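K.L.:
Before I ask anything, let me first share the structure, which is written out below as structure tokens.
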Amino acid sequence: MAWTASTEASSAAKAVCIGAIVVFIGLYVYTVSTMGSWDELPPETPVAQQLRPLLPRLALLAIPAAVSLPVLGWSGMYYLPYLCAILLFGTHLSTGLSLTSLLCAGGILSAVAAPTSLSQKGMAIGCCFSCVVVVVSRIGDETGQRRRTTDLALTAAREREEISRDVHDILGHSLTVLTLKAEVAQRLVEVDPAAAQTELGEIVALSRTALADVRATVTRLRTPDLASQLEASRTAFAAAEIEAKVHGRARDIPLPQREVLSWALREATTNVLRHAGARRVVVTLAPGRLTVADDGAGLRGHGPGNGLAGLRQRVEAAGGLLQVTGPGLAGGTGEGTTVEVTL
């Protein structure tokens, strides 16, 4: 019954076809939610290495698609945009475009050459051209990512310039004054010890002020990157034999929110490692929101430490809210704790 119109198929065949479509949908959702994204691939990744994790998934999807084809006939071309989406969003743009072009060209040529009605040819060709929508979406995704990367680079360059100016102003002024006062104290140490002592006291005070200014500047320089902090937290949890699950991606977080959420994730990770005694932790990251929940000892007997107090000030300064509550995850050694930041 290959390529038979669905109106000519038996009820049993139609039921099998519907079941195969449902299985395809389930497998497709699973594939999309678990496969790696194109932006996680290094630029120099070979084509074979890009396709290696996708081919088993595509082969699995091909099984229910093939089962339904005898009933669907040329309507099976509706599967094509979904398969192209996996190729486009799972590989580099050049690779995905090449493979999508080959698939669509093959589909169009097959529809034109096949001995079928004009309406079926048009439907099949239309399915191929619908892949253009997927291609446009993929190009837009890459364009947006490049724009975000450029914005980050420009922001980092501006910050370096500002820090360079700050360091020059702080150290240039402070060291000049310190040198002058040290020379004065050196001249006065024998002729007027009291005045020399006064100069030395001012040198100490000025040195402390300059040191505080330098530390503040270095703190700005060490502002954590959210993606790097996310990976660092994963590594730290793994080293502590804590099962960690992460939901969400750093690249989906708006740029103005990343700094605060980075500090929040760092502090929450530190607390889990030092105080919780947890076996499991779940990190949920979304625009304007970070949640870190563990199954550890909970809040009993523990007041807010300096780290959380400083984090609360940082979050509130950004117009956000920090909440530390219990219980956290079920099934652990205690009540657990949930740290939530909303912006």
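Letters A, B, ... mark the chains of the structure tokens in the order given; residue numbers begin at 1 per chain; ligand numbers begin at 1, in order shown.
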Compile the contact shell of Phe24 in chain A as a list of chain:residue names: residues with an atom at most 10 Å away, counting only C-alpha atoms, same-chain residues fewer than 3 positions apart removed.

P.N.:
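Counting only the stated atoms, we get A:Ile18, A:Gly19, A:Ala20, A:Ile21, A:Leu27, A:Tyr28, A:Val29, A:Tyr30, A:Leu60, A:Leu61, A:Ala62, A:Ile63, A:Pro64, A:Ala65, A:Ser68, A:Tyr79.
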
K.L.:
Can I get the selection written as a JSON list (two decimals), in the first residue's frame, with N, CA and C atoms?

P.N.:
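Resulting contents of out16.json:
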```
[["chain", "number", "residue", "atom", "x", "y", "z"],
["A", 18, "ILE", "N", -1.79, 6.98, 12.80],
["A", 18, "ILE", "CA", -1.97, 7.98, 13.86],
["A", 18, "ILE", "C", -1.03, 7.68, 15.03],
["A", 19, "GLY", "N", -0.91, 6.40, 15.39],
["A", 19, "GLY", "CA", 0.01, 6.04, 16.46],
["A", 19, "GLY", "C", 1.44, 6.39, 16.12],
["A", 20, "ALA", "N", 1.83, 6.16, 14.86],
["A", 20, "ALA", "CA", 3.19, 6.49, 14.45],
["A", 20, "ALA", "C", 3.44, 7.99, 14.52],
["A", 21, "ILE", "N", 2.44, 8.78, 14.14],
["A", 21, "ILE", "CA", 2.58, 10.24, 14.21],
["A", 21, "ILE", "C", 2.75, 10.70, 15.66],
["A", 27, "LEU", "N", 9.01, 11.66, 20.17],
["A", 27, "LEU", "CA", 10.45, 11.55, 19.93],
["A", 27, "LEU", "C", 11.05, 12.89, 19.52],
["A", 28, "TYR", "N", 10.29, 13.65, 18.75],
["A", 28, "TYR", "CA", 10.80, 14.94, 18.29],
["A", 28, "TYR", "C", 10.96, 15.91, 19.47],
["A", 29, "VAL", "N", 9.95, 15.95, 20.34],
["A", 29, "VAL", "CA", 10.05, 16.83, 21.52],
["A", 29, "VAL", "C", 11.23, 16.42, 22.38],
["A", 30, "TYR", "N", 11.41, 15.11, 22.57],
["A", 30, "TYR", "CA", 12.55, 14.63, 23.36],
["A", 30, "TYR", "C", 13.87, 15.00, 22.70],
["A", 60, "LEU", "N", 16.13, 7.36, 14.64],
["A", 60, "LEU", "CA", 15.00, 6.98, 15.50],
["A", 60, "LEU", "C", 13.71, 7.65, 15.03],
["A", 61, "LEU", "N", 13.80, 8.91, 14.64],
["A", 61, "LEU", "CA", 12.62, 9.62, 14.12],
["A", 61, "LEU", "C", 12.15, 9.04, 12.80],
["A", 62, "ALA", "N", 13.08, 8.49, 12.03],
["A", 62, "ALA", "CA", 12.71, 7.95, 10.72],
["A", 62, "ALA", "C", 11.83, 6.71, 10.83],
["A", 63, "ILE", "N", 11.89, 6.00, 11.97],
["A", 63, "ILE", "CA", 11.11, 4.77, 12.11],
["A", 63, "ILE", "C", 9.60, 5.06, 12.11],
["A", 64, "PRO", "N", 9.07, 5.90, 13.02],
["A", 64, "PRO", "CA", 7.63, 6.18, 12.96],
["A", 64, "PRO", "C", 7.23, 6.91, 11.69],
["A", 65, "ALA", "N", 8.15, 7.74, 11.15],
["A", 65, "ALA", "CA", 7.82, 8.42, 9.89],
["A", 65, "ALA", "C", 7.62, 7.40, 8.77],
["A", 68, "SER", "N", 4.30, 5.50, 8.98],
["A", 68, "SER", "CA", 3.10, 6.26, 8.60],
["A", 68, "SER", "C", 3.03, 6.58, 7.11],
["A", 79, "TYR", "N", 6.84, 15.99, 7.31],
["A", 79, "TYR", "CA", 7.91, 15.69, 8.26],
["A", 79, "TYR", "C", 9.17, 16.49, 7.96]]
```

K.L.:
Where in range 21-261 of chain A does DSSP assign strand (DSSP E or B), given as a ChimeraX atom specification?

P.N.:
/A:243-247

K.L.:
Can I get the selection written as an mmCIF file, in the first residue's frame, with C-alpha atoms?

P.N.:
```cif
data_model
loop_
_atom_site.group_PDB
_atom_site.id
_atom_site.type_symbol
_atom_site.label_atom_id
_atom_site.label_comp_id
_atom_site.auth_asym_id
_atom_site.auth_seq_id
_atom_site.Cartn_x
_atom_site.Cartn_y
_atom_site.Cartn_z
ATOM 1 C CA GLU A 243 24.106 15.521 41.905
ATOM 2 C CA ALA A 244 23.362 18.776 40.076
ATOM 3 C CA LYS A 245 20.698 19.494 37.482
ATOM 4 C CA VAL A 246 20.680 22.781 35.582
ATOM 5 C CA HIS A 247 17.611 24.084 33.775
#
```

K.L.:
Any chance you could tabulate, as a Markdown table, the residues of range 222-319 of chain A at most 10 Å from range 128-150 of chain A with each one's nearest atom pair and distance in Å to one decimal, using only C-alpha atoms, in chain and rising number order?

P.N.:
```
| residue | atom | partner | partner_atom | distance |
| --- | --- | --- | --- | --- |
| A:Arg251 | CA | A:Gln145 | CA | 8.3 |
| A:Asp252 | CA | A:Gln145 | CA | 10.0 |
| A:Pro254 | CA | A:Arg148 | CA | 9.5 |
| A:Leu255 | CA | A:Arg148 | CA | 8.2 |
```

K.L.:
Could those residues be written to a file, using N, CA and C atoms, as a PDB file, in the first residue's frame?

P.N.:
```pdb
ATOM      1  N   ARG A 251      22.889  32.120  27.917  1.00  0.00           N
ATOM      2  CA  ARG A 251      22.720  32.997  26.756  1.00  0.00           C
ATOM      3  C   ARG A 251      21.288  33.502  26.610  1.00  0.00           C
ATOM      4  N   ASP A 252      20.339  32.867  27.320  1.00  0.00           N
ATOM      5  CA  ASP A 252      18.948  33.313  27.254  1.00  0.00           C
ATOM      6  C   ASP A 252      18.656  34.442  28.236  1.00  0.00           C
ATOM      7  N   PRO A 254      18.961  38.197  29.665  1.00  0.00           N
ATOM      8  CA  PRO A 254      19.317  39.533  29.164  1.00  0.00           C
ATOM      9  C   PRO A 254      20.635  40.019  29.767  1.00  0.00           C
ATOM     10  N   LEU A 255      21.413  40.723  28.971  1.00  0.00           N
ATOM     11  CA  LEU A 255      22.742  41.165  29.403  1.00  0.00           C
ATOM     12  C   LEU A 255      22.726  41.949  30.718  1.00  0.00           C
TER      13      LEU A 255
END
```

K.L.:
What's around Gln229 in chain A at 9 Å? Count only C-alpha atoms, leave out sequence neighbours fewer than 2 positions away in its own chain, and write the answer as a list in words.

P.N.:
Pro224, Asp225, Leu226, Ala227, Glu231, Ala232, Ser233, Arg234, Ser262, Trp263, Leu265 and Arg266 of chain A

K.L.:
Contacts of range 87-102 of chain A at 6 Å or less, counting only C-alpha atoms, minus same-chain residues fewer than 6 places along, as a PyMOL selection string?

P.N.:
chain A and resi 37-38+50

K.L.:
Write the residues of the preceding selection, restricted to N, CA and C atoms, as a tab-separated table (two decimals), in the first residue's frame.

P.N.:
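Here's the written file out21.tsv:
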```
chain	number	residue	atom	x	y	z
A	37	SER	N	23.02	22.41	21.26
A	37	SER	CA	22.72	23.55	20.40
A	37	SER	C	23.92	23.90	19.54
A	38	TRP	N	23.66	24.56	18.43
A	38	TRP	CA	24.73	24.92	17.49
A	38	TRP	C	25.77	25.82	18.12
A	50	GLN	N	29.91	17.16	13.92
A	50	GLN	CA	28.66	17.87	14.16
A	50	GLN	C	27.46	16.93	14.02
```

K.L.:
Quote the spacing between CA of Ile125 in chain A and CA of Ala15 in chain A in Å to one decimal place.

P.N.:
26.7 Å

K.L.:
Which residues are close to Ala196 in chain A, i.e. within 8 Å by only C-alpha atoms, leaving aside same-chain residues fewer than 3 positions away? Reply as a list in words.

P.N.:
Val184, Ala185, Gln186, Arg187, Leu188, Val189, Asp192, Pro193, Glu199 and Leu200 of chain A

K.L.:
Please measure the separation of CA of Pro81 in chain A and CA of Cys127 in chain A, giving the value in Å to one decimal.

P.N.:
7.2 Å

K.L.:
Taking only C-alpha atoms into account, which of A:Arg314, A:Phe237, A:Val260, A:Leu343 comes nearest Arg289 in chain A?

P.N.:
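Of the candidates, the smallest distance to Arg289 in chain A is held by A:Leu343.
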
K.L.:
Could you tell me how far CA of Ala153 in chain A lies from CA of Ala216 in chain A, in Å and to one decimal?

P.N.:
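Separating CA of Ala153 in chain A from CA of Ala216 in chain A is a distance of 22.1 Å.
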
K.L.:
Counting only C-alpha atoms, figure out which residue out of A:Thr269, A:Ala264, A:Ala105, A:Arg280 gets nearest to Val315 in chain A.

P.N.:
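Ranking A:Thr269, A:Ala264, A:Ala105, A:Arg280 by distance to Val315 in chain A, first place goes to A:Ala264.
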
K.L.:
Taking the backbone alone, and naming residues the way the document does, which bits of range 52-252 of chain A are alpha helix (DSSP H) by DSSP, as a VMD selection string?

P.N.:
chain A and resid 55 to 72 80 to 90 93 to 113 118 to 191 193 to 221 226 to 239

K.L.:
Choose the residue, out of A:Glu183, A:Asp39, A:Glu340, A:Glu259, that has the smallest atom-to-atom separation from Ser228 in chain A; count only C-alpha atoms.

P.N.:
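Answer, going by the shortest atom-to-atom distance: A:Glu259.
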
K.L.:
Nearest residue to Val281 in chain A out of A:Gly201, A:Pro42, A:Gly296, A:Gly248, using only C-alpha atoms?

P.N.:
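Under the stated criterion, the closest residue is A:Gly296.
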
K.L.:
Measuring atom to atom with only C-alpha atoms, identify which of A:Ile108, A:Val339, A:Val16, A:Ala194 is nearest to Leu261 in chain A.

P.N.:
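Among A:Ile108, A:Val339, A:Val16, A:Ala194, it is A:Val339 that comes nearest to Leu261 in chain A.
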
K.L.:
Would you please work out which residue, of A:Leu58, A:Leu51, A:Val341, A:Ala239, is nearest to Gln313 in chain A when using only C-alpha atoms?

P.N.:
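Answer, going by the shortest atom-to-atom distance: A:Val341.
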